[in-house]
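Source file: entry_16.tsv. Holds: TSV, C-alpha atoms.
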chain	number	residue	atom	x	y	z
A	1	MET	CA	58.98	20.77	34.40
A	2	LYS	CA	60.33	17.81	32.47
A	3	ASN	CA	58.86	14.32	32.80
A	4	ILE	CA	56.09	15.33	35.23
A	5	SER	CA	52.98	13.27	34.49
A	6	ARG	CA	49.39	14.44	34.96
A	7	ARG	CA	49.07	11.88	37.76
A	8	THR	CA	52.08	13.39	39.57
A	9	ALA	CA	50.79	16.92	39.06
A	10	ILE	CA	47.36	16.15	40.49
A	11	LYS	CA	48.93	14.36	43.44
A	12	GLY	CA	50.89	17.59	44.06
A	13	VAL	CA	47.65	19.58	44.08
A	14	LEU	CA	46.11	17.16	46.57
A	15	ALA	CA	49.21	17.13	48.76
A	16	GLY	CA	49.14	20.91	48.88
A	17	GLY	CA	45.47	20.84	49.91
A	18	ALA	CA	46.17	18.27	52.59
A	19	ALA	CA	49.03	20.36	53.96
A	20	MET	CA	46.66	23.30	54.31
A	21	ALA	CA	44.12	21.12	56.09
A	22	VAL	CA	46.55	19.99	58.78
A	23	SER	CA	47.89	23.47	59.27
A	24	GLY	CA	44.95	24.40	61.47
A	25	LEU	CA	42.08	25.58	59.25
A	26	GLU	CA	38.63	24.93	60.82
A	27	ALA	CA	35.25	23.12	60.31
A	28	ALA	CA	34.41	19.57	61.08
A	29	ILE	CA	34.22	17.00	58.30
A	30	PRO	CA	31.54	14.40	59.05
A	31	GLY	CA	32.91	11.15	60.44
A	32	THR	CA	36.10	12.65	61.84
A	33	ASN	CA	37.15	14.57	64.93
A	34	GLN	CA	39.58	16.74	63.03
A	35	SER	CA	39.05	20.43	62.47
A	36	THR	CA	39.72	21.31	58.84
A	37	LYS	CA	38.69	23.94	56.37
A	38	LEU	CA	39.71	24.72	52.84
A	39	ALA	CA	41.26	28.12	52.35
A	40	LEU	CA	39.55	28.58	49.00
A	41	LYS	CA	41.14	31.10	46.65
A	42	GLY	CA	37.87	32.59	45.43
A	43	ASN	CA	38.71	32.41	41.72
A	44	ILE	CA	36.14	29.65	41.12
A	45	ARG	CA	32.60	29.87	42.48
A	46	HIS	CA	31.96	26.33	43.72
A	47	SER	CA	28.63	24.50	43.48
A	48	VAL	CA	27.60	20.85	43.71
A	49	SER	CA	24.77	18.73	42.32
A	50	LYS	CA	22.80	17.18	45.16
A	51	TRP	CA	21.70	14.09	43.18
A	52	CYS	CA	25.27	12.74	43.30
A	53	PHE	CA	25.05	12.61	47.12
A	54	GLY	CA	21.52	11.29	47.52
A	55	SER	CA	22.14	9.48	50.80
A	56	TYR	CA	22.43	12.79	52.68
A	57	GLU	CA	19.43	14.78	53.82
A	58	LEU	CA	19.48	18.15	52.07
A	59	ASP	CA	19.77	20.21	55.27
A	60	GLU	CA	22.71	18.14	56.50
A	61	PHE	CA	24.35	18.25	53.07
A	62	CYS	CA	24.05	22.05	52.94
A	63	LYS	CA	25.80	22.35	56.30
A	64	ILE	CA	28.61	20.11	55.06
A	65	CYS	CA	28.98	22.17	51.88
A	66	LYS	CA	29.11	25.42	53.80
A	67	ARG	CA	31.88	24.09	56.03
A	68	ILE	CA	33.89	23.05	52.97
A	69	GLY	CA	33.42	26.48	51.39
A	70	ILE	CA	30.94	25.58	48.63
A	71	GLU	CA	28.50	28.40	47.83
A	72	SER	CA	25.70	26.51	46.10
A	73	VAL	CA	23.76	23.24	46.03
A	74	GLU	CA	22.03	22.88	42.67
A	75	LEU	CA	19.58	21.03	40.43
A	76	LEU	CA	16.83	21.34	43.03
A	77	ASP	CA	13.08	21.91	42.78
A	78	PRO	CA	11.29	24.95	44.26
A	79	LYS	CA	10.35	23.10	47.49
A	80	ASP	CA	14.06	22.65	48.24
A	81	TRP	CA	15.28	26.19	47.59
A	82	PRO	CA	14.34	27.55	51.05
A	83	ILE	CA	16.32	24.79	52.77
A	84	VAL	CA	19.44	25.74	50.84
A	85	GLN	CA	18.96	29.45	51.43
A	86	LYS	CA	18.30	28.91	55.14
A	87	ASN	CA	21.83	27.53	55.30
A	88	GLY	CA	23.32	30.65	53.71
A	89	LEU	CA	23.84	29.04	50.29
A	90	THR	CA	22.28	29.58	46.88
A	91	VAL	CA	20.93	27.34	44.11
A	92	ALA	CA	23.17	28.14	41.16
A	93	MET	CA	21.08	26.05	38.75
A	94	ALA	CA	17.39	25.68	39.53
A	95	GLN	CA	15.04	23.09	38.08
A	96	GLY	CA	11.31	22.52	38.33
A	97	ALA	CA	10.01	23.51	34.90
A	98	GLY	CA	9.69	21.53	31.70
A	99	LEU	CA	9.18	17.88	30.77
A	100	GLY	CA	12.61	16.43	31.45
A	101	ILE	CA	15.60	15.71	29.26
A	102	ASP	CA	13.69	13.92	26.50
A	103	GLY	CA	10.72	16.28	26.30
A	104	GLY	CA	12.32	19.49	25.10
A	105	PHE	CA	11.92	22.40	22.73
A	106	ALA	CA	12.88	20.43	19.61
A	107	ASP	CA	9.34	19.03	19.55
A	108	PRO	CA	6.80	21.71	18.54
A	109	SER	CA	3.91	19.55	19.81
A	110	LEU	CA	5.27	20.11	23.34
A	111	HIS	CA	5.70	23.88	23.07
A	112	ASP	CA	2.38	24.88	24.65
A	113	GLU	CA	2.95	22.63	27.65
A	114	LEU	CA	6.58	23.74	28.01
A	115	VAL	CA	5.69	27.43	27.75
A	116	ALA	CA	2.98	27.08	30.41
A	117	SER	CA	5.42	25.33	32.74
A	118	TYR	CA	8.19	27.91	32.30
A	119	GLU	CA	5.73	30.82	32.59
A	120	LYS	CA	4.80	29.45	36.00
A	121	VAL	CA	8.32	28.72	37.30
A	122	ILE	CA	10.31	31.70	35.95
A	123	PRO	CA	8.66	34.17	38.36
A	124	MET	CA	9.25	31.71	41.22
A	125	VAL	CA	12.96	31.65	40.40
A	126	ALA	CA	13.08	35.45	40.43
A	127	GLU	CA	11.09	35.70	43.66
A	128	ALA	CA	13.56	33.33	45.32
A	129	GLY	CA	16.45	35.56	44.25
A	130	LEU	CA	17.91	32.93	41.92
A	131	THR	CA	19.15	33.35	38.36
A	132	ASN	CA	19.57	30.19	36.27
A	133	LEU	CA	16.76	27.81	35.28
A	134	ILE	CA	17.61	24.67	33.36
A	135	CYS	CA	15.98	23.63	30.09
A	136	PHE	CA	16.58	20.95	27.46
A	137	SER	CA	16.43	20.51	23.71
A	138	GLY	CA	14.90	17.03	23.93
A	139	ARG	CA	15.46	14.27	21.39
A	140	ARG	CA	16.41	14.80	17.76
A	141	ASN	CA	13.80	12.31	16.45
A	142	GLY	CA	15.12	12.47	12.90
A	143	LEU	CA	15.39	16.27	12.71
A	144	THR	CA	18.21	17.92	10.80
A	145	ASP	CA	20.34	20.44	12.70
A	146	LEU	CA	18.49	23.24	10.90
A	147	GLN	CA	15.06	21.88	11.82
A	148	GLY	CA	16.20	21.46	15.40
A	149	TRP	CA	17.43	25.05	15.57
A	150	GLU	CA	14.21	26.37	14.05
A	151	ASN	CA	11.94	24.39	16.38
A	152	CYS	CA	13.87	25.27	19.53
A	153	GLU	CA	14.10	28.92	18.52
A	154	LYS	CA	10.32	29.19	18.05
A	155	GLY	CA	9.57	27.68	21.43
A	156	LEU	CA	12.24	29.56	23.35
A	157	LYS	CA	11.30	32.92	21.86
A	158	ARG	CA	7.88	32.50	23.44
A	159	ILE	CA	9.41	32.51	26.93
A	160	THR	CA	12.57	34.62	26.67
A	161	PRO	CA	10.58	37.88	27.08
A	162	ILE	CA	9.30	36.55	30.43
A	163	ALA	CA	12.83	35.51	31.39
A	164	GLU	CA	14.11	38.97	30.46
A	165	LYS	CA	11.36	40.65	32.49
A	166	HIS	CA	12.26	38.62	35.59
A	167	LYS	CA	16.04	38.64	34.98
A	168	VAL	CA	16.16	34.84	34.82
A	169	VAL	CA	18.58	33.02	32.50
A	170	LEU	CA	17.11	30.00	30.71
A	171	THR	CA	20.03	27.59	30.46
A	172	MET	CA	20.03	24.68	28.01
A	173	GLU	CA	22.29	21.82	29.01
A	174	LEU	CA	24.76	20.34	26.55
A	175	LEU	CA	24.52	16.55	26.98
A	176	ASN	CA	26.12	13.61	25.21
A	177	SER	CA	23.78	11.75	22.87
A	178	VAL	CA	25.36	8.37	23.62
A	179	GLY	CA	24.18	7.99	27.22
A	180	HIS	CA	21.22	10.30	26.59
A	181	LYS	CA	20.31	8.62	23.35
A	182	ASP	CA	19.36	10.91	20.46
A	183	TYR	CA	19.62	14.13	22.54
A	184	LEU	CA	19.77	17.06	20.13
A	185	CYS	CA	21.89	19.72	21.87
A	186	ASP	CA	24.98	17.51	22.00
A	187	HIS	CA	27.75	19.72	20.58
A	188	THR	CA	28.98	23.12	21.76
A	189	ILE	CA	28.72	24.77	18.37
A	190	TRP	CA	25.10	23.58	17.96
A	191	GLY	CA	24.18	25.19	21.27
A	192	VAL	CA	26.09	28.38	20.46
A	193	GLU	CA	24.24	28.73	17.16
A	194	LEU	CA	20.93	28.32	18.98
A	195	CYS	CA	21.97	31.10	21.37
A	196	ARG	CA	22.72	33.34	18.39
A	197	ARG	CA	19.34	32.59	16.83
A	198	VAL	CA	17.39	33.20	20.06
A	199	GLY	CA	19.36	36.43	20.47
A	200	SER	CA	18.77	37.05	24.17
A	201	GLU	CA	21.21	37.41	27.05
A	202	ASN	CA	18.61	35.48	29.03
A	203	PHE	CA	19.19	32.29	27.07
A	204	LYS	CA	22.55	30.56	27.49
A	205	LEU	CA	24.18	27.15	27.80
A	206	LEU	CA	25.18	24.82	30.60
A	207	TYR	CA	28.59	23.62	29.43
A	208	ASP	CA	29.03	20.13	30.86
A	209	ILE	CA	32.69	19.14	30.58
A	210	TYR	CA	31.98	15.43	31.11
A	211	HIS	CA	29.38	15.31	28.34
A	212	MET	CA	31.41	17.40	25.91
A	213	GLN	CA	34.52	15.29	26.48
A	214	ILE	CA	32.50	12.30	25.27
A	215	MET	CA	31.12	14.11	22.22
A	216	GLU	CA	33.95	16.35	21.01
A	217	GLY	CA	36.85	16.83	23.43
A	218	ASN	CA	38.83	20.04	22.82
A	219	ILE	CA	37.55	21.30	26.18
A	220	ILE	CA	39.93	24.18	26.91
A	221	ASP	CA	39.81	25.58	23.39
A	222	ASN	CA	36.00	25.54	23.36
A	223	ILE	CA	35.86	27.21	26.77
A	224	ARG	CA	38.14	29.97	25.48
A	225	LYS	CA	36.10	30.44	22.29
A	226	TYR	CA	32.56	30.17	23.61
A	227	HIS	CA	32.60	31.02	27.35
A	228	SER	CA	30.42	34.10	26.78
A	229	PHE	CA	27.56	31.75	25.85
A	230	PHE	CA	27.84	29.79	29.13
A	231	SER	CA	25.85	30.68	32.25
A	232	HIS	CA	26.96	27.57	34.13
A	233	ILE	CA	29.61	24.82	33.94
A	234	HIS	CA	29.57	21.22	35.19
A	235	THR	CA	32.49	18.93	35.96
A	236	GLY	CA	32.65	15.14	35.90
A	237	GLY	CA	35.36	12.56	35.37
A	238	SER	CA	35.60	10.83	32.04
A	239	PRO	CA	35.17	7.93	31.65
A	240	GLY	CA	32.35	7.07	33.97
A	241	ARG	CA	31.56	10.42	35.64
A	242	ALA	CA	33.88	9.49	38.52
A	243	GLU	CA	36.04	11.76	40.69
A	244	ILE	CA	37.98	14.29	38.64
A	245	ASP	CA	41.37	13.01	39.79
A	246	GLU	CA	44.36	11.12	38.37
A	247	THR	CA	42.14	8.16	37.43
A	248	GLN	CA	40.49	10.20	34.68
A	249	GLU	CA	41.53	11.42	31.24
A	250	LEU	CA	40.99	15.15	31.88
A	251	TYR	CA	43.39	17.38	33.82
A	252	TYR	CA	41.03	19.64	35.72
A	253	PRO	CA	43.54	22.15	37.18
A	254	ALA	CA	44.40	23.28	33.63
A	255	ILE	CA	40.71	23.42	32.68
A	256	MET	CA	39.91	25.54	35.74
A	257	LYS	CA	42.81	27.90	35.02
A	258	ALA	CA	41.48	28.36	31.49
A	259	ILE	CA	38.03	29.17	32.90
A	260	VAL	CA	39.49	31.77	35.27
A	261	GLU	CA	41.53	33.34	32.47
A	262	THR	CA	38.37	33.94	30.40
A	263	GLY	CA	36.90	36.11	33.15
A	264	TYR	CA	33.92	33.76	33.55
A	265	LYS	CA	31.96	34.77	36.67
A	266	GLY	CA	29.38	31.97	36.87
A	267	PHE	CA	29.46	28.86	39.00
A	268	VAL	CA	31.29	25.60	38.42
A	269	GLY	CA	29.15	22.71	39.65
A	270	GLN	CA	30.67	19.39	40.71
A	271	GLU	CA	28.58	16.65	39.09
A	272	PHE	CA	30.60	13.49	39.60
A	273	VAL	CA	29.56	10.23	41.24
A	274	PRO	CA	31.79	9.52	44.27
A	275	ARG	CA	33.56	6.18	44.10
A	276	GLN	CA	35.10	6.01	47.55
A	277	GLU	CA	33.15	5.13	50.68
A	278	ASP	CA	33.62	8.59	52.22
A	279	LYS	CA	31.65	10.65	49.71
A	280	ILE	CA	32.40	13.94	51.46
A	281	ALA	CA	36.13	13.27	51.27
A	282	SER	CA	35.63	12.78	47.52
A	283	LEU	CA	33.79	16.09	47.28
A	284	GLU	CA	36.41	17.96	49.28
A	285	LYS	CA	39.21	16.45	47.19
A	286	CYS	CA	37.55	17.53	43.93
A	287	ILE	CA	36.89	21.04	45.22
A	288	ARG	CA	40.60	21.32	46.02
A	289	ILE	CA	41.54	20.12	42.54
A	290	CYS	CA	39.35	22.84	41.02
A	291	ASP	CA	40.40	25.62	43.41
A	292	VAL	CA	43.09	27.20	41.26
Here is a file; write its structure as structure tokens.
Amino acid sequence: MKNISRRTAIKGVLAGGAAMAVSGLEAAIPGTNQSTKLALKGNIRHSVSKWCFGSYELDEFCKICKRIGIESVELLDPKDWPIVQKNGLTVAMAQGAGLGIDGGFADPSLHDELVASYEKVIPMVAEAGLTNLICFSGRRNGLTDLQGWENCEKGLKRITPIAEKHKVVLTMELLNSVGHKDYLCDHTIWGVELCRRVGSENFKLLYDIYHMQIMEGNIIDNIRKYHSFFSHIHTGGSPGRAEIDETQELYYPAIMKAIVETGYKGFVGQEFVPRQEDKIASLEKCIRICDV
């Protein structure tokens, strides 16, 4: 396989997907009269973040996702969960509790308010038959790593018993602290150490490939080392959170193969911002890239 560039390799993946589409597999893609459907391999459980496709009504977007073969539409509040489930999909990462990205567990003055919010929403997640509920560290605000760990641990240990009771996984997102200025949980190893300190299978990490490429790189090696601490994974092109294709610096087929090889059983959520006019074509293309 001499002299084959990443660009050429990805084009081969896309060409293979296109060949399958024209070979007679069904389901209408909006804006066309063709009948196409991805024959997904089933090794990756596909999800997508709705906020990236805000121009679509949720019900319509769910129908599109189902036709493509996506199992989940995520990062939605409780009022939206029934719409997704009505369409035969799930919400792989729920939201609706907490104080947002900046107001997280690193700040002890927010713990009472955060605990009250999560105590309310955790049972709602369980009642809806969902599993993962997102949470955040918040800003560092001058804290050392040790102080950050200690503060987050104290707050999280107040709600992990409730999460355990309801079989809900509190999932802290790893974010870059460049775009999300001063965010504390911005390196994989920091998040992993927090998981060890909290010591519950009901507290894990959302490993965001886009964010971690900005902060540390070494994506495949960290997935292999720390996948057991991840309850969810996000994609995104770097730079710019664009489509995860040959325009970006990460080669997603290799990343997805590494994920499959670990035995990871959670979802992989597409969280890129479509650049082309046909946003659904962008989504379908990126699902094909990840369907290894």
With the cut-off set at 12 Å and counting only C-alpha atoms, tabulate each residue of range 186-243 of chain A with an atom at most that distance from an atom of range 88-92 of chain A, showing the nearest atom pair and its distance in Å to one decimal, ordered by chain and increasing number, as a Markdown table.
| residue | atom | partner | partner_atom | distance |
| --- | --- | --- | --- | --- |
| A:Leu206 | CA | A:Ala92 | CA | 11.3 |
| A:Ser231 | CA | A:Ala92 | CA | 9.6 |
| A:His232 | CA | A:Ala92 | CA | 8.0 |
| A:Ile233 | CA | A:Ala92 | CA | 10.2 |
| A:His234 | CA | A:Ala92 | CA | 11.2 |
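Considering only C-alpha atoms, the residue among A:Ala163, A:Leu184, A:Ala39, A:Leu156 positioned nearest to Leu130 in chain A is A:Ala163.
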| CA of Leu110 in chain A to CA of Lys79 in chain A, distance in Å rounded to a single decimal | 24.9 Å
Find the nearest atom pair between each residue of range 205-266 of chain A and range 168-178 of chain A for residues within 10 Å, count all atoms listed in the file, give distances in Å to one decimal, sort rows by chain and ascending number, and present the table as JSON lines.
{"residue": "A:Leu205", "atom": "CA", "partner": "A:Met172", "partner_atom": "CA", "distance": 4.8}
{"residue": "A:Leu206", "atom": "CA", "partner": "A:Glu173", "partner_atom": "CA", "distance": 4.5}
{"residue": "A:Tyr207", "atom": "CA", "partner": "A:Leu174", "partner_atom": "CA", "distance": 5.8}
{"residue": "A:Asp208", "atom": "CA", "partner": "A:Leu174", "partner_atom": "CA", "distance": 6.1}
{"residue": "A:Ile209", "atom": "CA", "partner": "A:Leu174", "partner_atom": "CA", "distance": 9.0}
{"residue": "A:Tyr210", "atom": "CA", "partner": "A:Asn176", "partner_atom": "CA", "distance": 8.5}
{"residue": "A:His211", "atom": "CA", "partner": "A:Asn176", "partner_atom": "CA", "distance": 4.8}
{"residue": "A:Met212", "atom": "CA", "partner": "A:Asn176", "partner_atom": "CA", "distance": 6.5}
{"residue": "A:Gln213", "atom": "CA", "partner": "A:Asn176", "partner_atom": "CA", "distance": 8.7}
{"residue": "A:Ile214", "atom": "CA", "partner": "A:Asn176", "partner_atom": "CA", "distance": 6.5}
{"residue": "A:Met215", "atom": "CA", "partner": "A:Asn176", "partner_atom": "CA", "distance": 5.8}
{"residue": "A:Glu216", "atom": "CA", "partner": "A:Asn176", "partner_atom": "CA", "distance": 9.3}
{"residue": "A:Phe229", "atom": "CA", "partner": "A:Thr171", "partner_atom": "CA", "distance": 9.8}
{"residue": "A:Phe230", "atom": "CA", "partner": "A:Thr171", "partner_atom": "CA", "distance": 8.2}
{"residue": "A:Ser231", "atom": "CA", "partner": "A:Thr171", "partner_atom": "CA", "distance": 6.8}
{"residue": "A:His232", "atom": "CA", "partner": "A:Thr171", "partner_atom": "CA", "distance": 7.8}
{"residue": "A:Ile233", "atom": "CA", "partner": "A:Glu173", "partner_atom": "CA", "distance": 9.3}
{"residue": "A:His234", "atom": "CA", "partner": "A:Glu173", "partner_atom": "CA", "distance": 9.6}
| query | Closest to Asp245 in chain A among A:Arg197, A:Lys257, A:Arg275, A:Lys225, using all atoms listed in the file? | reply | A:Arg275
| field | Polymer residues at most 8 Å from Tyr118 in chain A, all atoms listed in the file, same-chain spacing of 3 or more positions, as a list in words | value | Ala97, Gly98, Leu114, Val115, Val121, Ile122 and Ile159 of chain A
| task | Between A:Lys204, A:Leu194, A:Leu283, A:His187, single out the one closest to Gly217 in chain A, counting all atoms listed in the file. | result | A:His187
